[in-house]
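Peer 1: Take this structure, written in structure tokens, and hold onto it; I'll ask about it next.
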Amino acid sequence: MNIKRAKEEIRNTIEAYLLKDEYGAYQIPAIRQRPVLLIGPPGVGKTQIMEQISQECRIGLVSYTITHHTRQSAIGLPFIQERIFNGVRMSVTEYTMSEIVASIYEKTELTGLREGILFIDEINCVSETLAPAMLQFLQCKTFGNHKIPEGWIIVAAGNPPEYNKSVREFDVVTLDRLKLIHVEPDLKVWKEYAAQVQIHPAILSYLDIKQQNFCQIETTVDGKRFSTPRGWEDLSRLIEVYERLGKNADREVVGQYIQHEKIAKDFANYLELYYKYQKDYEIDAILGGHIKESLCDKLAKAPFDERLGVMNLLLEKLNGCFGQLYRKEERLTRLMQLFKGMKPDTGEEDLYDSPLEHLEGIAAGARAEWKYKRESGLLGRREDHLYQDTGRILEDTIQRIKAEQLHTREQVWEKIEETFEEKNKEYESLFEDCGRWLEHGFDFMEAAFGDSQEMVVFVTGLNTGFYSVKFLQEYLCERYYQYNERLLFDNQEKEILSRI
């Protein structure tokens, strides 16, 4: 299955394992909660989805790459303990608590989260001395003498033997105690994720053309050559930062991430062309409504990869605007939740000596919530920024109230409404800008291509972009719906013909 389906299945498994009956016991007893084992090629996203799942399910996460451990750190160190059996004092070997088990208890004490995921990566690449302990761990959910605490679900990951010569195959006894999930790379699914996290458009347009280069792992006489989804994402982040610094990601730099010489060279050449398209076609001017006939003619006659590159540049700019709008909407929603307790006649004002103290209490609570969630690992990057930004808006509002020496609840509420209205106007202004940019994008596409396959590609890009889909749920763009209906009709027609 692909990584999206695997993530969904792990979430379903967690929900099932953590479901309790009316007596407070887990519906599936811990002994029947099979550890989940993900097997798939490196870089496909097995490790990455664990953090996403823990944040979405609001449970703890403890991660270990088991190849970094020895037998002692995994099962604990031996020590001598005296015991009395049948009246005779005897020396018995016991073990200290495993570092891994102890880290679960530490996580619980730090965060208060009594349920979570214990994720063990590269589990089928352990040393010979550690292998028996790993089998015991998977079969009995223990390290040495210490059990994994109830409420903590074991998820493990490993690579198939063709990708790692250190892999040890599990026997049937062990496999029969696991929930086994095989994961395969899937470009279509990865592009859905890429649109949400804003993978560099040069990479997206390149992989549209060279889909076979998305995930390749080869063993040759010269060693291993590979390109992986993880490599493309990490390269994307580097290219973005290099662009801000005014630096170029040349062939050597690309090869540090895409360790397949032919693919790295091919993409580096494409990246140069991509920057050339960006400069030659004046994308900002197009979305601003300044469309040159000469550029439309030039693009209409250009090779397909050039046309695709320019369309991805348009989609990148549009999705950047849509993404910024989405984040502003998130901030408005959170501000509304934070401010609603300040509204006069809610009853909460009786708990505080002054409205300013009330607002400062809300700000302190928001800071404490952000700190707790951040330390607990429950915040993704986007949500972390949301909490920080709304916290700053709260603090700015408090400082303005103090500077203007506002005292009554009506005065303070008026200032709060003023702050909210300012942010709402910023949102509405950006919403209008996004709408204009989209309309100008369609103007350019129609001028350059008319109703053609390029328009299908452009509309498909809008349909698959996380932020563009969100925007089009709110903004009525007649041409989008016109072309989208035609696209759906064409797809249905092709499906009917294929059946015939």
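In the structure tokens, each chain is lettered A, B, ... as it comes, each chain's residues begin at 1, and ligands are numbered from 1 in order of appearance.
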Would you mind listing what lies within 8 Å of stretch 367-375 of chain A as an NGL selection string, with only C-alpha atoms counted and same-chain residues fewer than 5 positions away left out?
Peer 2: :A and (111 or 384 or 387-388 or 391)
Peer 1: Please provide as a ChimeraX atom specification all residues within 8 Å of stretch 468-474 of chain A, with the sequence filter that same-chain residues fewer than 4 positions apart are discarded (counting only C-alpha atoms).
Peer 2: /A:318-319,322-323,326,462-464
Peer 1: Using only C-alpha atoms, which protein or nucleic acid residues come within 9 Å of A:Ala6? Drop anything in the same chain fewer than 2 positions from it, and give the result as a list in words.
Peer 2: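 The contact residues come out as Met1, Asn2, Ile3, Lys4, Glu8, Glu9, Ile10, Arg11, Leu38, Lys46, Ile181, His182 and Val183 of chain A.
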Peer 1: Identify which of the residues A:Asn124, A:Asp305, A:Asn145, A:Cys296 lies closest to A:Leu207, counting only C-alpha atoms when measuring atom-to-atom distances.
Peer 2: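 Selected residue with least distance to A:Leu207: A:Asp305.
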Peer 1: Under the rule that only C-alpha atoms are counted, which of A:Leu273, A:Ala285, A:Ala300, A:Leu77 is the nearest residue to A:Ala202?
Peer 2: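 Using only C-alpha atoms, the shortest distance to A:Ala202 belongs to A:Leu273.
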Peer 1: Enumerate the residues of stretch 151-316 of chain A with a DSSP assignment of alpha helix (DSSP H), computed from the backbone, and present them as a ChimeraX atom specification.
Peer 2: /A:172-175,187-197,201-209,229-245,251-255,261-280,283-287,293-300,304-316
Peer 1: Using only C-alpha atoms, which of A:Gln405, A:Gln411, A:Ser376, A:Thr174 sits nearest A:Glu51?
Peer 2: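 Comparing A:Gln405, A:Gln411, A:Ser376, A:Thr174 against A:Glu51, the winner is A:Ser376.
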Peer 1: List as a tab-separated table (two decimals) with all heavy atoms, in the first residue's frame the protein and nucleic acid residues near A:Gln196, meaning an atom at most 9 Å away when only C-alpha atoms are counted, but skip any in the same chain fewer than 4 places from it.
Peer 2:
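That gives us out26.tsv:
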```
chain	number	residue	atom	x	y	z
A	191	LYS	N	2.55	13.71	-4.18
A	191	LYS	CA	2.25	15.05	-4.70
A	191	LYS	C	1.14	15.73	-3.89
A	191	LYS	O	1.14	16.96	-3.75
A	191	LYS	CB	1.89	14.98	-6.18
A	191	LYS	CG	3.10	14.75	-7.09
A	191	LYS	CD	2.71	14.65	-8.54
A	191	LYS	CE	2.21	15.97	-9.08
A	191	LYS	NZ	1.90	15.89	-10.51
A	192	GLU	N	0.20	14.94	-3.36
A	192	GLU	CA	-0.82	15.52	-2.48
A	192	GLU	C	-0.16	16.11	-1.23
A	192	GLU	O	-0.47	17.22	-0.81
A	192	GLU	CB	-1.83	14.45	-2.07
A	192	GLU	CG	-2.70	13.94	-3.19
A	192	GLU	CD	-3.64	12.84	-2.72
A	192	GLU	OE1	-3.89	12.74	-1.49
A	192	GLU	OE2	-4.13	12.06	-3.56
A	323	GLY	N	-2.09	29.92	0.27
A	323	GLY	CA	-1.57	29.43	1.54
A	323	GLY	C	-1.50	30.53	2.59
A	323	GLY	O	-1.84	30.32	3.76
A	465	GLY	N	-3.96	20.96	-5.48
A	465	GLY	CA	-3.27	21.82	-4.51
A	465	GLY	C	-4.07	21.94	-3.23
A	465	GLY	O	-5.27	22.25	-3.26
A	466	PHE	N	-3.45	21.69	-2.09
A	466	PHE	CA	-4.15	21.74	-0.80
A	466	PHE	C	-4.78	23.12	-0.58
A	466	PHE	O	-5.96	23.23	-0.24
A	466	PHE	CB	-3.17	21.43	0.33
A	466	PHE	CG	-3.76	21.53	1.71
A	466	PHE	CD1	-4.52	20.51	2.22
A	466	PHE	CD2	-3.54	22.66	2.49
A	466	PHE	CE1	-5.07	20.59	3.50
A	466	PHE	CE2	-4.08	22.75	3.77
A	466	PHE	CZ	-4.86	21.72	4.27
A	467	TYR	N	-4.01	24.18	-0.80
A	467	TYR	CA	-4.50	25.53	-0.52
A	467	TYR	C	-5.43	26.03	-1.61
A	467	TYR	O	-6.37	26.78	-1.33
A	467	TYR	CB	-3.32	26.49	-0.33
A	467	TYR	CG	-2.46	26.14	0.87
A	467	TYR	CD1	-1.15	25.69	0.72
A	467	TYR	CD2	-2.98	26.23	2.15
A	467	TYR	CE1	-0.39	25.35	1.82
A	467	TYR	CE2	-2.22	25.90	3.26
A	467	TYR	CZ	-0.91	25.45	3.08
A	467	TYR	OH	-0.16	25.12	4.17
```
Peer 1: Go ahead and compute the interatomic distance for atom CA of A:Ile398 and atom CA of A:Gln337, in Å to one decimal.
Peer 2: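 These atoms are spaced 16.6 Å apart.
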